[in-house]
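Shown next: data.tsv, given as TSV, C-alpha atoms.
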chain	number	residue	atom	x	y	z
Y	179	MET	CA	-22.94	42.81	59.25
Y	180	LYS	CA	-22.38	40.03	61.77
Y	181	TYR	CA	-24.80	38.22	64.01
Y	182	SER	CA	-24.54	38.89	67.70
Y	183	SER	CA	-24.47	35.13	68.21
Y	184	ASP	CA	-21.06	33.48	67.93
Y	185	ALA	CA	-22.62	30.08	67.32
Y	186	VAL	CA	-24.54	31.44	64.33
Y	187	GLU	CA	-21.43	33.15	62.95
Y	188	LYS	CA	-19.38	29.98	63.35
Y	189	ALA	CA	-21.97	27.81	61.62
Y	190	ILE	CA	-22.24	30.30	58.74
Y	191	HIS	CA	-18.45	30.38	58.46
Y	192	GLU	CA	-18.17	26.58	58.38
Y	193	LEU	CA	-21.05	26.07	55.93
Y	194	SER	CA	-19.79	28.73	53.53
Y	195	LYS	CA	-16.62	26.65	53.04
Y	196	LEU	CA	-18.70	24.14	51.04
Y	197	PRO	CA	-18.31	24.49	47.26
Y	198	GLY	CA	-20.79	26.93	45.73
Y	199	VAL	CA	-22.11	28.03	49.12
Y	200	GLY	CA	-21.66	31.74	49.82
Y	201	ARG	CA	-22.43	33.66	52.99
Y	202	LYS	CA	-26.02	34.21	51.91
Y	203	SER	CA	-26.75	30.51	51.26
Y	204	ALA	CA	-24.95	29.54	54.46
Y	205	GLN	CA	-27.20	32.00	56.30
Y	206	ARG	CA	-30.28	30.36	54.76
Y	207	HIS	CA	-29.01	26.93	55.80
Y	208	VAL	CA	-28.46	28.16	59.37
Y	209	PHE	CA	-31.97	29.58	59.66
Y	210	TYR	CA	-33.33	26.36	58.24
Y	211	LEU	CA	-31.38	24.29	60.75
Y	212	LEU	CA	-32.52	26.47	63.64
Y	213	LYS	CA	-36.09	25.54	62.74
Y	214	GLN	CA	-35.37	21.81	62.70
Y	215	SER	CA	-35.45	19.50	65.71
Y	216	GLU	CA	-32.28	18.80	67.65
Y	217	ASN	CA	-32.50	15.22	66.41
Y	218	ASP	CA	-32.49	16.28	62.72
Y	219	VAL	CA	-29.37	18.39	63.17
Y	220	GLN	CA	-27.72	15.56	65.10
Y	221	GLN	CA	-28.46	13.22	62.16
Y	222	LEU	CA	-26.84	15.63	59.71
Y	223	ALA	CA	-23.75	16.02	61.91
Y	224	ASP	CA	-23.50	12.24	62.40
Y	225	ALA	CA	-23.81	11.60	58.67
Y	226	LEU	CA	-20.91	13.97	57.96
Y	227	LEU	CA	-18.68	12.39	60.61
Y	228	GLU	CA	-19.57	8.87	59.50
Y	229	LEU	CA	-18.80	9.84	55.91
Y	230	LYS	CA	-15.31	10.86	56.90
Y	231	SER	CA	-14.64	7.88	59.17
Y	232	LYS	CA	-16.04	5.11	56.96
Y	233	VAL	CA	-15.23	6.16	53.41
Y	234	ARG	CA	-11.68	5.75	52.11
Y	235	ASN	CA	-9.97	5.30	48.75
Y	236	CYS	CA	-9.73	1.88	47.14
Y	237	SER	CA	-6.06	0.88	47.22
Y	238	VAL	CA	-6.28	-0.45	43.65
Y	239	CYS	CA	-8.30	2.10	41.65
Y	240	PHE	CA	-8.53	4.97	44.22
Y	241	ASN	CA	-12.30	5.25	43.83
Y	242	ILE	CA	-14.12	6.02	47.11
Y	243	THR	CA	-15.31	2.95	48.97
Y	244	GLU	CA	-16.22	1.58	52.40
Y	245	ASN	CA	-14.49	-1.75	51.68
Y	246	ASP	CA	-10.98	-1.98	50.29
Y	247	PRO	CA	-10.60	-3.07	47.47
Y	248	CYS	CA	-13.81	-1.52	46.16
Y	249	PRO	CA	-16.80	-3.52	44.80
Y	250	ILE	CA	-15.85	-2.68	41.19
Y	251	CYS	CA	-12.26	-3.93	41.58
Y	252	THR	CA	-13.39	-7.18	43.27
Y	253	SER	CA	-16.37	-7.84	40.98
Y	254	GLU	CA	-16.05	-10.93	38.81
Y	255	LYS	CA	-18.52	-9.54	36.28
Y	256	ARG	CA	-16.25	-6.68	35.15
Y	257	ASP	CA	-14.01	-6.88	32.11
Y	258	ARG	CA	-10.55	-6.81	33.66
Y	259	SER	CA	-8.87	-6.12	30.30
Y	260	VAL	CA	-10.15	-2.52	30.14
Y	261	ILE	CA	-9.21	0.31	32.52
Y	262	CYS	CA	-11.01	3.64	32.25
Y	263	VAL	CA	-8.86	6.50	33.59
Y	264	VAL	CA	-10.71	9.44	35.19
Y	265	GLU	CA	-9.72	12.56	37.14
Y	266	GLU	CA	-11.94	12.29	40.20
Y	267	ALA	CA	-14.04	9.70	42.02
Y	268	ASN	CA	-17.28	11.42	41.06
Y	269	ASP	CA	-16.43	10.82	37.39
Y	270	VAL	CA	-16.67	7.10	38.12
Y	271	LEU	CA	-20.26	7.58	39.23
Y	272	ALA	CA	-21.11	9.56	36.09
Y	273	LEU	CA	-19.67	6.80	33.89
Y	274	GLU	CA	-21.29	4.01	35.91
Y	275	LYS	CA	-24.65	5.67	35.31
Y	276	THR	CA	-24.25	5.17	31.55
Y	277	GLY	CA	-23.74	1.42	31.98
Y	278	GLU	CA	-21.33	1.56	29.02
Y	279	CYS	CA	-18.16	1.03	31.04
Y	280	ARG	CA	-17.87	-2.66	31.84
Y	281	GLY	CA	-14.19	-2.58	32.73
Y	282	LEU	CA	-12.28	-1.28	35.74
Y	283	TYR	CA	-11.44	2.32	36.69
Y	284	HIS	CA	-8.41	4.28	37.75
Y	285	VAL	CA	-8.86	7.60	39.56
Y	286	LEU	CA	-5.91	9.94	38.98
Y	287	GLY	CA	-6.90	12.41	41.67
Y	288	GLY	CA	-6.77	15.44	39.37
Y	289	ALA	CA	-5.23	16.56	36.09
Y	290	LEU	CA	-1.85	17.94	35.05
Y	291	SER	CA	-1.71	21.68	35.63
Y	292	PRO	CA	1.79	23.19	35.55
Y	293	LEU	CA	0.39	26.62	36.49
Y	294	ASP	CA	-0.97	25.20	39.76
Y	295	GLY	CA	2.20	23.17	40.24
Y	296	ILE	CA	0.48	19.84	39.63
Y	297	GLY	CA	2.83	17.46	37.82
Y	298	PRO	CA	2.69	13.71	37.09
Y	299	ASP	CA	4.06	12.91	40.55
Y	300	ASP	CA	1.04	14.58	42.16
Y	301	LEU	CA	-1.33	12.27	40.27
Y	302	ARG	CA	-1.65	8.49	40.61
Y	303	VAL	CA	0.22	7.85	37.36
Y	304	LYS	CA	2.81	5.50	38.87
Y	305	GLU	CA	0.00	3.46	40.42
Y	306	LEU	CA	-1.68	3.24	37.00
Y	307	LEU	CA	1.49	1.99	35.31
Y	308	GLN	CA	1.84	-0.68	38.01
Y	309	ARG	CA	-1.61	-1.97	37.09
Y	310	LEU	CA	-0.72	-2.46	33.41
Y	311	THR	CA	-0.09	-6.21	33.52
Y	312	GLU	CA	-0.51	-8.49	30.50
Y	313	GLU	CA	-4.19	-8.85	31.37
Y	314	VAL	CA	-4.87	-5.21	30.42
Y	315	LYS	CA	-5.66	-4.73	26.71
Y	316	GLU	CA	-7.18	-1.23	26.56
Y	317	ILE	CA	-6.97	2.08	28.42
Y	318	ILE	CA	-9.86	4.53	27.92
Y	319	ILE	CA	-8.83	8.04	28.92
Y	320	ALA	CA	-11.89	9.85	30.28
Y	321	THR	CA	-10.29	12.99	31.72
Y	322	ASN	CA	-12.28	16.21	31.27
Y	323	PRO	CA	-12.23	17.83	27.79
Y	324	ASN	CA	-10.54	21.02	29.04
Y	325	THR	CA	-6.91	22.19	28.82
Y	326	GLU	CA	-5.73	20.26	31.89
Y	327	GLY	CA	-7.68	17.12	31.02
Y	328	GLU	CA	-6.42	17.10	27.41
Y	329	ALA	CA	-2.83	17.63	28.56
Y	330	THR	CA	-3.17	14.74	31.00
Y	331	ALA	CA	-4.68	12.53	28.28
Y	332	LEU	CA	-1.81	13.32	25.89
Y	333	TYR	CA	0.78	12.69	28.59
Y	334	LEU	CA	-0.71	9.30	29.46
Y	335	ALA	CA	-1.08	8.34	25.80
Y	336	LYS	CA	2.62	9.02	25.14
Y	337	LEU	CA	3.58	7.08	28.25
Y	338	ILE	CA	1.45	4.01	27.59
Y	339	LYS	CA	1.58	3.77	23.78
Y	340	PRO	CA	5.02	2.05	23.70
Y	341	MET	CA	3.69	-0.67	26.03
Y	342	ASN	CA	1.61	-2.13	23.20
Y	343	ILE	CA	-1.72	-1.44	24.89
Y	344	LYS	CA	-4.67	-0.02	22.93
Y	345	ILE	CA	-5.30	3.49	24.18
Y	346	SER	CA	-8.40	5.57	23.43
Y	347	ARG	CA	-9.93	8.92	24.39
Y	348	ILE	CA	-13.65	9.57	24.95
Y	349	ALA	CA	-15.28	11.40	22.01
Y	350	ARG	CA	-15.67	15.15	22.10
Y	351	GLY	CA	-18.61	16.53	20.14
Y	352	ILE	CA	-22.06	18.10	20.29
Y	353	PRO	CA	-23.96	17.06	23.43
Y	354	VAL	CA	-27.16	15.11	22.74
Y	355	GLY	CA	-30.15	17.46	22.66
Y	356	ALA	CA	-28.03	20.56	22.01
Y	357	ASP	CA	-28.26	22.94	19.09
Y	358	LEU	CA	-25.55	23.04	16.40
Y	359	GLU	CA	-26.09	26.78	16.13
Y	360	TYR	CA	-24.99	27.38	19.71
Y	361	ALA	CA	-22.04	24.98	19.81
Y	362	ASP	CA	-18.59	26.59	20.03
Y	363	GLU	CA	-16.21	26.17	17.10
Y	364	ILE	CA	-13.75	23.85	18.82
Y	365	THR	CA	-16.50	21.45	19.88
Y	366	LEU	CA	-17.97	21.54	16.39
Y	367	ALA	CA	-14.55	20.91	14.82
Y	368	ARG	CA	-14.06	17.95	17.17
Y	369	ALA	CA	-17.51	16.63	16.28
Y	370	ILE	CA	-16.66	16.62	12.53
Y	371	GLU	CA	-13.20	15.21	13.17
Y	372	GLY	CA	-14.64	12.37	15.22
Y	373	ARG	CA	-17.56	11.59	12.89
Y	374	LEU	CA	-18.71	7.99	12.74
Y	375	GLU	CA	-19.68	6.09	9.60
Y	376	TYR	CA	-23.17	4.60	9.33
T	169	MET	CA	-27.95	5.79	40.47
T	170	LYS	CA	-26.82	5.19	44.01
T	171	TYR	CA	-23.36	4.95	45.48
T	172	SER	CA	-22.26	1.59	46.74
T	173	SER	CA	-21.29	3.30	50.00
T	174	ASP	CA	-24.09	3.72	52.54
T	175	ALA	CA	-22.19	6.48	54.34
T	176	VAL	CA	-21.98	8.52	51.12
T	177	GLU	CA	-25.67	7.96	50.37
T	178	LYS	CA	-26.64	8.98	53.91
T	179	ALA	CA	-24.54	12.16	53.80
T	180	ILE	CA	-26.02	13.10	50.40
T	181	HIS	CA	-29.51	12.44	51.74
T	182	GLU	CA	-28.95	14.59	54.84
T	183	LEU	CA	-27.28	17.46	52.97
T	184	SER	CA	-29.94	17.58	50.27
T	185	LYS	CA	-32.49	18.46	52.97
T	186	LEU	CA	-30.91	21.94	53.21
T	187	PRO	CA	-32.84	24.65	51.37
T	188	GLY	CA	-31.79	25.02	47.73
T	189	VAL	CA	-29.50	21.99	47.89
T	190	GLY	CA	-30.45	19.24	45.44
T	191	ARG	CA	-28.91	15.81	45.06
T	192	LYS	CA	-26.28	17.15	42.68
T	193	SER	CA	-25.06	19.91	45.02
T	194	ALA	CA	-25.16	17.53	47.98
T	195	GLN	CA	-22.97	15.17	45.95
T	196	ARG	CA	-20.47	17.99	45.32
T	197	HIS	CA	-20.43	18.82	49.03
T	198	VAL	CA	-19.77	15.18	49.90
T	199	PHE	CA	-16.84	14.90	47.49
T	200	TYR	CA	-15.48	18.16	48.85
T	201	LEU	CA	-15.76	16.92	52.44
T	202	LEU	CA	-14.07	13.62	51.55
T	203	LYS	CA	-11.06	15.65	50.43
T	204	GLN	CA	-10.89	17.64	53.67
T	205	SER	CA	-9.11	16.56	56.83
T	206	GLU	CA	-10.99	14.73	59.56
T	207	ASN	CA	-10.51	17.79	61.73
T	208	ASP	CA	-12.23	20.12	59.23
T	209	VAL	CA	-15.29	17.88	59.00
T	210	GLN	CA	-15.36	17.60	62.79
T	211	GLN	CA	-15.36	21.41	63.02
T	212	LEU	CA	-18.32	21.64	60.64
T	213	ALA	CA	-20.27	18.99	62.56
T	214	ASP	CA	-19.46	20.69	65.89
T	215	ALA	CA	-20.55	24.10	64.58
T	216	LEU	CA	-23.93	22.67	63.54
T	217	LEU	CA	-24.50	20.97	66.89
T	218	GLU	CA	-23.39	24.05	68.83
T	219	LEU	CA	-25.72	26.19	66.73
T	220	LYS	CA	-28.65	24.04	67.76
T	221	SER	CA	-27.68	23.76	71.42
T	222	LYS	CA	-26.74	27.40	72.06
T	223	VAL	CA	-29.10	29.45	69.93
T	224	ARG	CA	-32.68	29.92	71.08
T	225	ASN	CA	-35.49	32.45	70.62
T	226	CYS	CA	-35.60	35.59	72.70
T	227	SER	CA	-38.61	35.28	75.02
T	228	VAL	CA	-39.57	38.92	74.38
T	229	CYS	CA	-39.14	39.53	70.63
T	230	PHE	CA	-38.52	35.92	69.41
T	231	ASN	CA	-35.39	36.92	67.50
T	232	ILE	CA	-32.60	34.30	67.63
T	233	THR	CA	-30.14	34.81	70.46
T	234	GLU	CA	-27.64	33.06	72.72
T	235	ASN	CA	-28.74	35.13	75.75
T	236	ASP	CA	-32.36	35.55	76.72
T	237	PRO	CA	-33.60	38.31	76.47
T	238	CYS	CA	-31.63	39.22	73.34
T	239	PRO	CA	-29.10	42.10	73.12
T	240	ILE	CA	-31.60	44.29	71.21
T	241	CYS	CA	-34.35	43.86	73.82
T	242	THR	CA	-31.96	44.60	76.69
T	243	SER	CA	-30.08	47.47	74.99
T	244	GLU	CA	-30.56	50.86	76.62
T	245	LYS	CA	-29.74	52.65	73.38
T	246	ARG	CA	-32.82	51.43	71.52
T	247	ASP	CA	-35.99	53.46	71.19
T	248	ARG	CA	-38.47	51.40	73.23
T	249	SER	CA	-41.46	53.31	71.86
T	250	VAL	CA	-41.18	51.70	68.39
T	251	ILE	CA	-41.65	48.01	67.59
T	252	CYS	CA	-40.89	46.76	64.10
T	253	VAL	CA	-42.87	43.60	63.28
T	254	VAL	CA	-41.25	41.09	60.90
T	255	GLU	CA	-42.01	37.58	59.69
T	256	GLU	CA	-38.73	35.78	60.39
T	257	ALA	CA	-35.56	36.24	62.45
T	258	ASN	CA	-33.45	36.77	59.32
T	259	ASP	CA	-35.57	39.83	58.48
T	260	VAL	CA	-34.24	41.41	61.69
T	261	LEU	CA	-30.71	41.05	60.35
T	262	ALA	CA	-31.66	42.63	57.03
T	263	LEU	CA	-33.23	45.61	58.82
T	264	GLU	CA	-30.36	45.95	61.31
T	265	LYS	CA	-27.99	46.23	58.34
T	266	THR	CA	-29.76	49.42	57.24
T	267	GLY	CA	-29.22	51.09	60.62
T	268	GLU	CA	-32.58	52.80	60.15
T	269	CYS	CA	-34.47	50.79	62.75
T	270	ARG	CA	-33.61	52.16	66.17
T	271	GLY	CA	-36.51	50.58	67.97
T	272	LEU	CA	-37.27	47.03	69.06
T	273	TYR	CA	-38.41	44.06	66.96
T	274	HIS	CA	-41.10	41.43	67.08
T	275	VAL	CA	-40.70	38.22	65.08
T	276	LEU	CA	-44.08	36.72	64.14
T	277	GLY	CA	-42.65	33.41	63.00
T	278	GLY	CA	-44.34	33.51	59.60
T	279	ALA	CA	-47.28	35.15	57.85
T	280	LEU	CA	-51.00	34.44	57.64
T	281	SER	CA	-51.72	31.86	54.98
T	282	PRO	CA	-55.18	30.29	55.14
T	283	LEU	CA	-54.34	27.95	52.26
T	284	ASP	CA	-51.50	26.45	54.30
T	285	GLY	CA	-53.65	26.45	57.43
T	286	ILE	CA	-51.64	29.22	59.11
T	287	GLY	CA	-53.94	31.44	61.15
T	288	PRO	CA	-53.27	34.17	63.77
T	289	ASP	CA	-52.92	31.54	66.50
T	290	ASP	CA	-49.94	30.01	64.67
T	291	LEU	CA	-48.10	33.35	64.71
T	292	ARG	CA	-46.86	35.27	67.74
T	293	VAL	CA	-49.70	37.79	67.55
T	294	LYS	CA	-50.88	37.32	71.14
T	295	GLU	CA	-47.31	37.88	72.33
T	296	LEU	CA	-47.16	41.11	70.30
T	297	LEU	CA	-50.40	42.43	71.82
T	298	GLN	CA	-49.04	41.70	75.30
T	299	ARG	CA	-46.06	43.94	74.54
T	300	LEU	CA	-48.22	46.94	73.62
T	301	THR	CA	-47.92	48.80	76.90
T	302	GLU	CA	-48.28	52.58	77.21
T	303	GLU	CA	-44.59	52.93	76.41
T	304	VAL	CA	-45.18	51.81	72.79
T	305	LYS	CA	-46.08	54.67	70.42
T	306	GLU	CA	-45.54	53.17	66.96
T	307	ILE	CA	-45.69	49.78	65.25
T	308	ILE	CA	-43.87	49.45	61.91
T	309	ILE	CA	-45.14	46.45	59.98
T	310	ALA	CA	-42.29	45.05	57.90
T	311	THR	CA	-43.80	41.77	56.69
T	312	ASN	CA	-42.92	40.77	53.12
T	313	PRO	CA	-44.74	42.63	50.30
T	314	ASN	CA	-46.43	39.47	48.99
T	315	THR	CA	-50.00	38.16	49.42
T	316	GLU	CA	-49.37	36.54	52.80
T	317	GLY	CA	-47.30	39.44	54.13
T	318	GLU	CA	-49.88	42.04	53.05
T	319	ALA	CA	-52.72	40.00	54.58
T	320	THR	CA	-50.78	39.78	57.83
T	321	ALA	CA	-50.09	43.52	57.77
T	322	LEU	CA	-53.78	44.34	57.22
T	323	TYR	CA	-54.83	41.94	59.97
T	324	LEU	CA	-52.41	43.49	62.47
T	325	ALA	CA	-53.37	47.04	61.46
T	326	LYS	CA	-57.06	46.34	62.10
T	327	LEU	CA	-56.21	44.73	65.43
T	328	ILE	CA	-53.93	47.47	66.72
T	329	LYS	CA	-55.57	50.61	65.25
T	330	PRO	CA	-58.27	50.84	67.97
T	331	MET	CA	-55.54	50.82	70.64
T	332	ASN	CA	-54.52	54.36	69.70
T	333	ILE	CA	-51.04	53.40	68.57
T	334	LYS	CA	-49.53	54.82	65.38
T	335	ILE	CA	-49.21	51.98	62.89
T	336	SER	CA	-47.22	52.12	59.65
T	337	ARG	CA	-46.22	49.82	56.80
T	338	ILE	CA	-42.83	49.86	55.03
T	339	ALA	CA	-42.98	51.52	51.60
T	340	ARG	CA	-43.43	49.43	48.49
T	341	GLY	CA	-41.92	50.90	45.33
T	342	ILE	CA	-39.17	50.69	42.74
T	343	PRO	CA	-35.98	49.17	44.22
T	344	VAL	CA	-32.99	51.54	44.19
T	345	GLY	CA	-30.90	50.96	41.07
T	346	ALA	CA	-33.73	49.27	39.16
T	347	ASP	CA	-35.25	50.34	35.85
T	348	LEU	CA	-38.77	51.79	35.69
T	349	GLU	CA	-39.22	50.08	32.36
T	350	TYR	CA	-38.88	46.62	33.89
T	351	ALA	CA	-40.92	47.21	37.05
T	352	ASP	CA	-44.26	45.38	37.25
T	353	GLU	CA	-47.47	47.41	37.22
T	354	ILE	CA	-48.43	46.76	40.83
T	355	THR	CA	-45.04	47.88	42.12
T	356	LEU	CA	-45.17	50.96	39.90
T	357	ALA	CA	-48.69	51.78	41.09
T	358	ARG	CA	-47.52	51.46	44.70
T	359	ALA	CA	-44.52	53.70	43.96
T	360	ILE	CA	-46.78	56.47	42.65
T	361	GLU	CA	-49.30	55.98	45.45
T	362	GLY	CA	-46.56	56.24	48.06
T	363	ARG	CA	-44.75	59.20	46.45
T	364	LEU	CA	-43.01	61.60	48.83
T	365	GLU	CA	-43.04	65.38	48.56
T	366	TYR	CA	-39.75	67.23	48.24
Once you've parsed the file, please lay out its structure as structure tokens.
Amino acid sequence: MKYSSDAVEKAIHELSKLPGVGRKSAQRHVFYLLKQSENDVQQLADALLELKSKVRNCSVCFNITENDPCPICTSEKRDRSVICVVEEANDVLALEKTGECRGLYHVLGGALSPLDGIGPDDLRVKELLQRLTEEVKEIIIATNPNTEGEATALYLAKLIKPMNIKISRIARGIPVGADLEYADEITLARAIEGRLEY
Amino acid sequence: MKYSSDAVEKAIHELSKLPGVGRKSAQRHVFYLLKQSENDVQQLADALLELKSKVRNCSVCFNITENDPCPICTSEKRDRSVICVVEEANDVLALEKTGECRGLYHVLGGALSPLDGIGPDDLRVKELLQRLTEEVKEIIIATNPNTEGEATALYLAKLIKPMNIKISRIARGIPVGADLEYADEITLARAIEGRLEY
């Protein structure tokens, strides 16, 4: 069933392109927007356009930023001997929230996935290798703990190991607050494997 | 935790105003949009602005429309003796999908809710009464089957009954495909109360 209004149909179509937004949610958004003032909708549209025009990738670490290089890469307070490698820019935010990463970042722009035709040349691997000067002492690989992320981690580890740089992978294990009973076997196996001594 | 980029923060803030969109979803949307072409984002922004500038309320039934009066109100195929009263414009769409409503509509713009300070003057009740010419033979009240919707239905029924117009309320009962076992008592009671003879 389509609306008789083209403008409504077009807005639903555009909104339902957003991740996790189906036709039904897009419809809800449209009815919500129709109830808002013209000014409110203008603000939303402006924010989206500004986002696209102002935000770019840092030319060093490929994190999103308004100033190139980004504030993390230019900060004098960061430990420049550690680079934490992540898949996407939003992973940087997640790690920054913990306050545990005091080094720099490198955003790969995805993970290896031969089935989807994504090889090392499609990721920013070359750019990472170029950053591995004498200053860099450790690489922390923080790709996602799924098939693609693990494959990427292994690939990078093999590539960087001969360069005499310490290379580590974030721990996989039981999430804090979770129940052992409901953890899957692989996670549980990893948790025992990666146990820490008191 | 905030992003260092103001443009990202602003876009997250604006997107999270949409119904059912929290900070986390808004964040996902922003990262999705950052990966799209400038043209795609422009299209989304344009669609939202066009929505607001082109779509208005029909001056007769208050459904959303690009042309006033709306295609339903001007259609010669509709049964002008029946008016189906609903709370919101999206209810019209839901009813149109069924193909069972061959009459006209009237969008109240909400339901009575004394706790929220919404009285009859805040709804389009006066406008409904003005439409009740001799031509109109039946009013179907299709407000939501919750406290506010039922109160609104009762209020309208009392108001219109003396005018010698047939007035009906959509049936409340077990949804098609549902299980009797899991239906709540009130719904089940209504289903028995509203039973139909074969």
Would you give me, as a short mmCIF file (atom, residue, chain, number, x, y, z; two decimals) with C-alpha atoms, in the coordinates of the input, the residues of chain T that come within 6 Å of chain Y, using only C-alpha atoms?
data_model
loop_
_atom_site.label_atom_id
_atom_site.label_comp_id
_atom_site.auth_asym_id
_atom_site.auth_seq_id
_atom_site.Cartn_x
_atom_site.Cartn_y
_atom_site.Cartn_z
CA SER T 173 -21.29 3.30 50.00
CA ALA T 175 -22.19 6.48 54.34
CA VAL T 176 -21.98 8.52 51.12
CA ALA T 179 -24.54 12.16 53.80
CA GLU T 182 -28.95 14.59 54.84
CA LEU T 186 -30.91 21.94 53.21
CA HIS T 197 -20.43 18.82 49.03
CA LEU T 212 -18.32 21.64 60.64
CA ALA T 213 -20.27 18.99 62.56
CA ALA T 215 -20.55 24.10 64.58
CA LEU T 216 -23.93 22.67 63.54
CA LEU T 219 -25.72 26.19 66.73
CA GLU T 234 -27.64 33.06 72.72
#
Near-Ala339 (chain T) list (12 Å; only C-alpha atoms; drop same-chain fewer than 3 positions) as a JSON list (two decimals) with C-alpha atoms, in the coordinates of the input:
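As written to disk, result32.json reads:
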[["chain", "number", "residue", "atom", "x", "y", "z"],
["T", 308, "ILE", "CA", -43.87, 49.45, 61.91],
["T", 309, "ILE", "CA", -45.14, 46.45, 59.98],
["T", 310, "ALA", "CA", -42.29, 45.05, 57.90],
["T", 311, "THR", "CA", -43.80, 41.77, 56.69],
["T", 312, "ASN", "CA", -42.92, 40.77, 53.12],
["T", 313, "PRO", "CA", -44.74, 42.63, 50.30],
["T", 318, "GLU", "CA", -49.88, 42.04, 53.05],
["T", 336, "SER", "CA", -47.22, 52.12, 59.65],
["T", 342, "ILE", "CA", -39.17, 50.69, 42.74],
["T", 343, "PRO", "CA", -35.98, 49.17, 44.22],
["T", 355, "THR", "CA", -45.04, 47.88, 42.12],
["T", 356, "LEU", "CA", -45.17, 50.96, 39.90],
["T", 357, "ALA", "CA", -48.69, 51.78, 41.09],
["T", 358, "ARG", "CA", -47.52, 51.46, 44.70],
["T", 359, "ALA", "CA", -44.52, 53.70, 43.96],
["T", 360, "ILE", "CA", -46.78, 56.47, 42.65],
["T", 361, "GLU", "CA", -49.30, 55.98, 45.45],
["T", 362, "GLY", "CA", -46.56, 56.24, 48.06],
["T", 363, "ARG", "CA", -44.75, 59.20, 46.45],
["T", 364, "LEU", "CA", -43.01, 61.60, 48.83]]
State, in Å with one decimal place, the distance from CA of Lys255 (chain Y) to CA of Leu286 (chain Y).
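Taking CA of Lys255 (chain Y) as the start and CA of Leu286 (chain Y) as the end point, the length is 23.4 Å.
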Query raised in the report: If we count all atoms listed in the file, what is near Asn332 (chain T) at a cut-off of 10 Å, once residues fewer than 5 positions away on the same chain are taken out, given as a list in words?
Result: Glu302, Lys305 and Glu306 of chain T
As a check of understanding: the span from CA of Glu303 (chain T) to CA of Val253 (chain T) is 16.2 Å
Rounded to one decimal in Å, what is the spacing between CA of Gly277 (chain T) and CA of Pro330 (chain T)?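 That distance, rounded to one decimal, is 23.9 Å.
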Long-range neighbours of Arg256 (chain Y) as a short mmCIF file (atom, residue, chain, number, x, y, z; two decimals) with C-alpha atoms, keeping the file's coordinate frame, 9 Å cut-off, all atoms listed in the file, 2 positions minimum in chain:
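Contents of part_20.cif, freshly written:
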data_model
loop_
_atom_site.label_atom_id
_atom_site.label_comp_id
_atom_site.auth_asym_id
_atom_site.auth_seq_id
_atom_site.Cartn_x
_atom_site.Cartn_y
_atom_site.Cartn_z
CA ILE Y 250 -15.85 -2.68 41.19
CA CYS Y 251 -12.26 -3.93 41.58
CA THR Y 252 -13.39 -7.18 43.27
CA SER Y 253 -16.37 -7.84 40.98
CA GLU Y 254 -16.05 -10.93 38.81
CA ARG Y 258 -10.55 -6.81 33.66
CA SER Y 259 -8.87 -6.12 30.30
CA VAL Y 260 -10.15 -2.52 30.14
CA CYS Y 279 -18.16 1.03 31.04
CA ARG Y 280 -17.87 -2.66 31.84
CA GLY Y 281 -14.19 -2.58 32.73
CA LEU Y 282 -12.28 -1.28 35.74
#
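If all atoms listed in the file are the atoms counted, then among Y:Glu265, Y:Glu375, Y:Asp300, Y:Glu359 the closest residue to Glu326 (chain Y) is Y:Glu265.
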